[in-house]
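For reference, my_file-v7.csv (CSV, N, CA and C atoms and all ligand atoms):
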```csv
chain,number,residue,atom,x,y,z
A,255,MET,N,-16.4,11.6,33.6
A,255,MET,CA,-17.5,11.3,32.7
A,255,MET,C,-18.7,12.2,33.0
A,256,LYS,N,-18.7,13.0,34.1
A,256,LYS,CA,-19.9,13.8,34.4
A,256,LYS,C,-20.1,14.9,33.4
A,257,ASP,N,-21.3,15.3,33.3
A,257,ASP,CA,-21.9,16.2,32.3
A,257,ASP,C,-21.3,16.0,30.8
A,258,GLY,N,-21.1,14.8,30.5
A,258,GLY,CA,-20.7,14.4,29.1
A,258,GLY,C,-19.3,14.8,28.7
A,259,ARG,N,-18.5,15.3,29.6
A,259,ARG,CA,-17.1,15.7,29.2
A,259,ARG,C,-16.2,14.5,29.3
A,260,HIS,N,-15.3,14.4,28.3
A,260,HIS,CA,-14.3,13.3,28.3
A,260,HIS,C,-13.0,13.8,28.0
A,261,THR,N,-12.0,13.1,28.5
A,261,THR,CA,-10.6,13.5,28.2
A,261,THR,C,-10.1,12.4,27.2
A,262,CYS,N,-9.7,12.8,26.1
A,262,CYS,CA,-9.3,11.9,25.0
A,262,CYS,C,-8.1,11.0,25.5
A,263,LYS,N,-8.2,9.7,25.3
A,263,LYS,CA,-7.1,8.8,25.7
A,263,LYS,C,-5.9,8.9,24.7
A,264,SER,N,-6.2,9.4,23.5
A,264,SER,CA,-5.1,9.5,22.5
A,264,SER,C,-4.3,10.8,22.6
A,265,CYS,N,-5.1,12.0,22.7
A,265,CYS,CA,-4.4,13.3,22.6
A,265,CYS,C,-4.7,14.2,23.8
A,266,SER,N,-5.4,13.6,24.8
A,266,SER,CA,-5.7,14.4,26.1
A,266,SER,C,-6.5,15.6,25.9
A,267,ASN,N,-7.2,15.8,24.8
A,267,ASN,CA,-8.1,16.9,24.5
A,267,ASN,C,-9.3,16.6,25.3
A,268,GLU,N,-9.9,17.7,25.9
A,268,GLU,CA,-11.2,17.6,26.6
A,268,GLU,C,-12.3,17.9,25.6
A,269,PHE,N,-13.3,17.1,25.6
A,269,PHE,CA,-14.4,17.3,24.6
A,269,PHE,C,-15.7,16.8,25.2
A,270,VAL,N,-16.8,17.1,24.5
A,270,VAL,CA,-18.1,16.7,24.9
A,270,VAL,C,-18.6,15.8,23.7
A,271,GLY,N,-19.2,14.7,24.1
A,271,GLY,CA,-19.8,13.8,23.1
A,271,GLY,C,-19.0,12.5,23.0
A,272,SER,N,-19.3,11.7,22.0
A,272,SER,CA,-18.7,10.4,21.9
A,272,SER,C,-17.4,10.3,21.2
A,273,TYR,N,-17.1,11.3,20.4
A,273,TYR,CA,-15.8,11.3,19.7
A,273,TYR,C,-15.0,12.5,19.9
A,274,CYS,N,-13.7,12.4,20.0
A,274,CYS,CA,-12.8,13.5,20.2
A,274,CYS,C,-12.8,14.4,19.0
A,275,ASN,N,-12.9,15.7,19.2
A,275,ASN,CA,-13.0,16.6,18.0
A,275,ASN,C,-11.7,17.0,17.5
A,276,VAL,N,-10.6,16.5,18.1
A,276,VAL,CA,-9.3,16.7,17.6
A,276,VAL,C,-8.8,15.6,16.7
A,277,CYS,N,-8.8,14.4,17.3
A,277,CYS,CA,-8.2,13.2,16.6
A,277,CYS,C,-9.3,12.2,16.2
A,278,GLY,N,-10.5,12.3,16.7
A,278,GLY,CA,-11.6,11.4,16.3
A,278,GLY,C,-11.6,10.1,17.1
A,279,GLU,N,-10.9,10.1,18.2
A,279,GLU,CA,-10.9,8.9,19.0
A,279,GLU,C,-12.3,8.7,19.6
A,280,LYS,N,-12.8,7.5,19.6
A,280,LYS,CA,-14.1,7.2,20.2
A,280,LYS,C,-14.0,7.0,21.7
A,281,VAL,N,-15.0,7.5,22.4
A,281,VAL,CA,-15.0,7.2,23.9
A,281,VAL,C,-15.5,5.8,24.0
A,282,LEU,N,-14.7,5.0,24.8
A,282,LEU,CA,-15.1,3.6,25.0
A,282,LEU,C,-16.2,3.6,26.1
A,283,THR,N,-17.3,3.0,25.8
A,283,THR,CA,-18.3,2.7,26.9
A,283,THR,C,-17.9,1.3,27.4
A,284,PRO,N,-18.4,1.0,28.6
A,284,PRO,CA,-18.1,-0.3,29.2
A,284,PRO,C,-18.4,-1.4,28.2
A,285,GLY,N,-19.4,-1.3,27.5
A,285,GLY,CA,-19.8,-2.3,26.5
A,285,GLY,C,-18.7,-2.5,25.4
A,286,ASP,N,-18.1,-1.4,25.0
A,286,ASP,CA,-17.1,-1.5,23.9
A,286,ASP,C,-15.9,-2.4,24.3
A,287,LYS,N,-15.6,-2.4,25.6
A,287,LYS,CA,-14.4,-3.1,26.0
A,287,LYS,C,-14.7,-4.6,26.2
A,288,SER,N,-15.9,-5.0,26.3
A,288,SER,CA,-16.2,-6.4,26.6
A,288,SER,C,-15.9,-7.3,25.4
A,289,PHE,N,-15.5,-8.5,25.7
A,289,PHE,CA,-15.2,-9.5,24.7
A,289,PHE,C,-16.3,-9.7,23.8
A,290,LYS,N,-17.5,-9.8,24.4
A,290,LYS,CA,-18.7,-10.0,23.6
A,290,LYS,C,-18.9,-9.0,22.5
A,291,SER,N,-18.7,-7.7,22.9
A,291,SER,CA,-18.9,-6.6,21.9
A,291,SER,C,-17.9,-6.7,20.8
A,292,ILE,N,-16.6,-7.0,21.1
A,292,ILE,CA,-15.6,-7.2,20.1
A,292,ILE,C,-15.9,-8.4,19.2
A,293,PHE,N,-16.3,-9.5,19.8
A,293,PHE,CA,-16.7,-10.7,19.1
A,293,PHE,C,-17.9,-10.4,18.1
A,294,ASN,N,-18.9,-9.7,18.7
A,294,ASN,CA,-20.0,-9.3,17.8
A,294,ASN,C,-19.7,-8.5,16.6
A,295,SER,N,-18.8,-7.5,16.8
A,295,SER,CA,-18.5,-6.6,15.7
A,295,SER,C,-17.6,-7.4,14.7
A,296,VAL,N,-16.8,-8.3,15.1
A,296,VAL,CA,-16.0,-9.1,14.2
A,296,VAL,C,-16.9,-10.0,13.4
A,297,LEU,N,-17.8,-10.6,14.2
A,297,LEU,CA,-18.8,-11.5,13.6
A,297,LEU,C,-19.7,-10.8,12.5
A,298,LEU,N,-20.1,-9.6,12.9
A,298,LEU,CA,-20.9,-8.8,12.0
A,298,LEU,C,-20.2,-8.5,10.8
A,299,THR,N,-18.9,-8.1,10.9
A,299,THR,CA,-18.1,-7.7,9.8
A,299,THR,C,-18.0,-8.9,8.8
A,300,ILE,N,-17.7,-10.0,9.4
A,300,ILE,CA,-17.5,-11.2,8.5
A,300,ILE,C,-18.8,-11.7,7.9
A,301,THR,N,-19.8,-11.8,8.7
A,301,THR,CA,-21.1,-12.5,8.2
A,301,THR,C,-22.0,-11.5,7.5
A,302,PHE,N,-21.9,-10.2,7.8
A,302,PHE,CA,-22.8,-9.3,7.2
A,302,PHE,C,-22.1,-8.6,6.0
A,303,SER,N,-21.2,-7.7,6.4
A,303,SER,CA,-20.6,-6.9,5.3
A,303,SER,C,-19.9,-7.7,4.3
A,304,ASP,N,-19.0,-8.6,4.7
A,304,ASP,CA,-18.2,-9.3,3.8
A,304,ASP,C,-19.0,-10.2,2.9
A,305,SER,N,-20.0,-11.0,3.5
A,305,SER,CA,-20.7,-11.9,2.6
A,305,SER,C,-21.5,-11.1,1.6
A,306,LYS,N,-22.0,-9.9,2.0
A,306,LYS,CA,-22.7,-9.1,1.1
A,306,LYS,C,-21.8,-8.6,-0.1
A,307,PHE,N,-20.6,-8.3,0.3
A,307,PHE,CA,-19.6,-7.8,-0.6
A,307,PHE,C,-19.2,-8.9,-1.6
A,308,ILE,N,-18.9,-10.1,-1.0
A,308,ILE,CA,-18.5,-11.2,-1.8
A,308,ILE,C,-19.6,-11.7,-2.7
A,309,ARG,N,-20.8,-11.7,-2.2
A,309,ARG,CA,-22.0,-12.2,-3.0
A,309,ARG,C,-22.2,-11.2,-4.2
A,310,THR,N,-22.1,-9.9,-3.9
A,310,THR,CA,-22.2,-8.9,-5.0
A,310,THR,C,-21.1,-9.1,-6.0
A,311,LEU,N,-19.9,-9.3,-5.5
A,311,LEU,CA,-18.8,-9.4,-6.4
A,311,LEU,C,-18.9,-10.7,-7.3
A,312,TRP,N,-19.4,-11.8,-6.6
A,312,TRP,CA,-19.6,-13.1,-7.3
A,312,TRP,C,-20.7,-12.9,-8.4
A,313,GLN,N,-21.7,-12.2,-8.0
A,313,GLN,CA,-22.8,-12.0,-9.0
A,313,GLN,C,-22.3,-11.2,-10.2
A,314,VAL,N,-21.5,-10.2,-9.9
A,314,VAL,CA,-20.9,-9.4,-11.0
A,314,VAL,C,-20.1,-10.3,-11.9
A,315,LEU,N,-19.3,-11.2,-11.3
A,315,LEU,CA,-18.5,-12.0,-12.1
A,315,LEU,C,-19.3,-13.1,-12.9
A,316,ARG,N,-20.3,-13.6,-12.3
A,316,ARG,CA,-21.1,-14.6,-12.9
A,316,ARG,C,-22.1,-14.0,-14.0
A,317,LYS,N,-22.8,-13.0,-13.5
A,317,LYS,CA,-23.8,-12.4,-14.4
A,317,LYS,C,-23.5,-10.9,-14.5
A,318,PRO,N,-22.6,-10.5,-15.3
A,318,PRO,CA,-22.3,-9.1,-15.4
A,318,PRO,C,-23.6,-8.3,-15.8
A,319,GLY,N,-23.8,-7.2,-15.2
A,319,GLY,CA,-25.0,-6.4,-15.5
A,319,GLY,C,-26.2,-6.7,-14.6
A,320,THR,N,-26.2,-7.8,-14.0
A,320,THR,CA,-27.4,-8.1,-13.1
A,320,THR,C,-27.5,-7.2,-11.9
A,321,VAL,N,-26.3,-6.9,-11.3
A,321,VAL,CA,-26.3,-6.1,-10.2
A,321,VAL,C,-26.6,-4.6,-10.5
A,322,ALA,N,-26.1,-4.2,-11.6
A,322,ALA,CA,-26.4,-2.8,-12.1
A,322,ALA,C,-27.9,-2.7,-12.4
A,323,ARG,N,-28.4,-3.8,-13.1
A,323,ARG,CA,-29.8,-3.8,-13.5
A,323,ARG,C,-30.8,-3.8,-12.3
A,324,ASP,N,-30.4,-4.7,-11.3
A,324,ASP,CA,-31.2,-4.7,-10.1
A,324,ASP,C,-31.1,-3.4,-9.3
A,325,PHE,N,-30.0,-2.8,-9.3
A,325,PHE,CA,-29.8,-1.5,-8.6
A,325,PHE,C,-30.6,-0.5,-9.3
A,326,ALA,N,-30.6,-0.5,-10.6
A,326,ALA,CA,-31.4,0.5,-11.3
A,326,ALA,C,-32.9,0.3,-11.2
A,327,ALA,N,-33.3,-1.0,-11.0
A,327,ALA,CA,-34.7,-1.4,-10.8
A,327,ALA,C,-35.2,-1.1,-9.4
A,328,GLY,N,-34.3,-0.7,-8.5
A,328,GLY,CA,-34.7,-0.4,-7.1
A,328,GLY,C,-34.4,-1.5,-6.1
A,329,LYS,N,-33.8,-2.6,-6.6
A,329,LYS,CA,-33.5,-3.7,-5.6
A,329,LYS,C,-32.1,-3.4,-5.0
A,330,ARG,N,-32.1,-2.6,-4.0
A,330,ARG,CA,-30.9,-2.2,-3.5
A,330,ARG,C,-30.5,-2.8,-2.1
A,331,VAL,N,-31.4,-3.6,-1.6
A,331,VAL,CA,-31.2,-4.1,-0.3
A,331,VAL,C,-30.3,-5.3,-0.3
A,332,LYS,N,-30.5,-6.2,-1.3
A,332,LYS,CA,-29.7,-7.5,-1.2
A,332,LYS,C,-28.3,-7.3,-1.7
A,333,ASN,N,-28.0,-6.3,-2.4
A,333,ASN,CA,-26.6,-6.1,-2.8
A,333,ASN,C,-26.1,-4.8,-2.3
A,334,ILE,N,-24.8,-4.6,-2.2
A,334,ILE,CA,-24.3,-3.3,-1.9
A,334,ILE,C,-24.3,-2.6,-3.2
A,335,SER,N,-24.2,-1.3,-3.2
A,335,SER,CA,-24.3,-0.5,-4.4
A,335,SER,C,-23.1,-0.7,-5.3
A,336,PRO,N,-23.4,-0.7,-6.7
A,336,PRO,CA,-22.2,-0.8,-7.6
A,336,PRO,C,-21.1,0.2,-7.3
A,337,MET,N,-21.5,1.4,-6.8
A,337,MET,CA,-20.5,2.4,-6.6
A,337,MET,C,-19.6,2.0,-5.4
A,338,SER,N,-20.1,1.4,-4.4
A,338,SER,CA,-19.2,1.0,-3.3
A,338,SER,C,-18.4,-0.2,-3.7
A,339,LEU,N,-19.0,-1.1,-4.5
A,339,LEU,CA,-18.2,-2.2,-5.1
A,339,LEU,C,-17.0,-1.6,-5.9
A,340,PHE,N,-17.3,-0.6,-6.6
A,340,PHE,CA,-16.2,0.0,-7.4
A,340,PHE,C,-15.1,0.6,-6.6
A,341,PHE,N,-15.5,1.2,-5.4
A,341,PHE,CA,-14.5,1.8,-4.6
A,341,PHE,C,-13.7,0.7,-3.8
A,342,CYS,N,-14.4,-0.4,-3.5
A,342,CYS,CA,-13.7,-1.5,-2.7
A,342,CYS,C,-12.8,-2.3,-3.6
A,343,ALA,N,-13.2,-2.5,-4.8
A,343,ALA,CA,-12.4,-3.5,-5.7
A,343,ALA,C,-11.2,-2.8,-6.3
B,1,ZN,ZN,-8.2,13.1,20.7
```
What's the C-alpha cells form of this structure?
Amino acid sequence: MKDGRHTCKSCSNEFVGSYCNVCGEKVLTPGDKSFKSIFNSVLLTITFSDSKFIRTLWQVLRKPGTVARDFAAGKRVKNISPMSLFFCA
C-alpha cells in the first residue's frame, strides 16, 4: 500500500489510485470491510435512493405531470429527475 500503489485483487494488475485501471475493482479500505460500512450503504440505498425513486414513481402515477412540472420549475431536489426515472422504469 506504500506510495499509493495497489495490486488488484481481481486481476493482479498493479495500479495507483482507488480503482483498478484494467477491471475497475475498488481498493478496499479497512472501513469498506466493516459490517457498519456495509450496513450503512445498504441502509442508505434503501432509505435514500429507493424511497426517492418510489416517491417519484408514486407521484407520477398519482399526479402525472407534477414531477415534470416541478422539474421544469427548478424543484429538482425532492425528486429524482424524470430522465433517471425513465431509465430505471
Ligand atoms: Zn483489476
What are the nearest atom pairs, with distances in Å to one decimal, for all residues of chain A that come at most 7 Å from ligand ZN 1 (chain B), using only C-alpha atoms and all ligand atoms, set out by chain and rising residue number as a tab-separated table?
```
residue	atom	partner	partner_atom	distance
A:Cys262	CA	B:ZN1	ZN	4.6
A:Lys263	CA	B:ZN1	ZN	6.7
A:Ser264	CA	B:ZN1	ZN	5.1
A:Cys265	CA	B:ZN1	ZN	4.3
A:Ser266	CA	B:ZN1	ZN	6.1
A:Asn267	CA	B:ZN1	ZN	5.4
A:Cys274	CA	B:ZN1	ZN	4.6
A:Asn275	CA	B:ZN1	ZN	6.5
A:Val276	CA	B:ZN1	ZN	4.9
A:Cys277	CA	B:ZN1	ZN	4.1
A:Gly278	CA	B:ZN1	ZN	5.8
A:Glu279	CA	B:ZN1	ZN	5.3
```
Fill in: Atom-to-atom span, atom C of A:Gly271 and atom C of A:Gly258, Å
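According to the coordinates, atom C of A:Gly271 and atom C of A:Gly258 are separated by 6.2 Å.
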Fill in: One-decimal distance in Å that lies between atom CA of A:Tyr273 and atom CA of A:His260
9.0 Å
Padded axis-aligned box of stretch 276-285 of chain A (8 Å per side), centre and edge lengths, Å, one decimal, as AutoDock Vina command-line options:
```
--center_x -14.0 --center_y 7.1 --center_z 22.7 --size_x 27.6 --size_y 35.2 --size_z 29.0
```
Fill in: Distance of atom CA of A:Lys280 from atom CA of A:Leu298, expressed in Å to one decimal place
19.2 Å
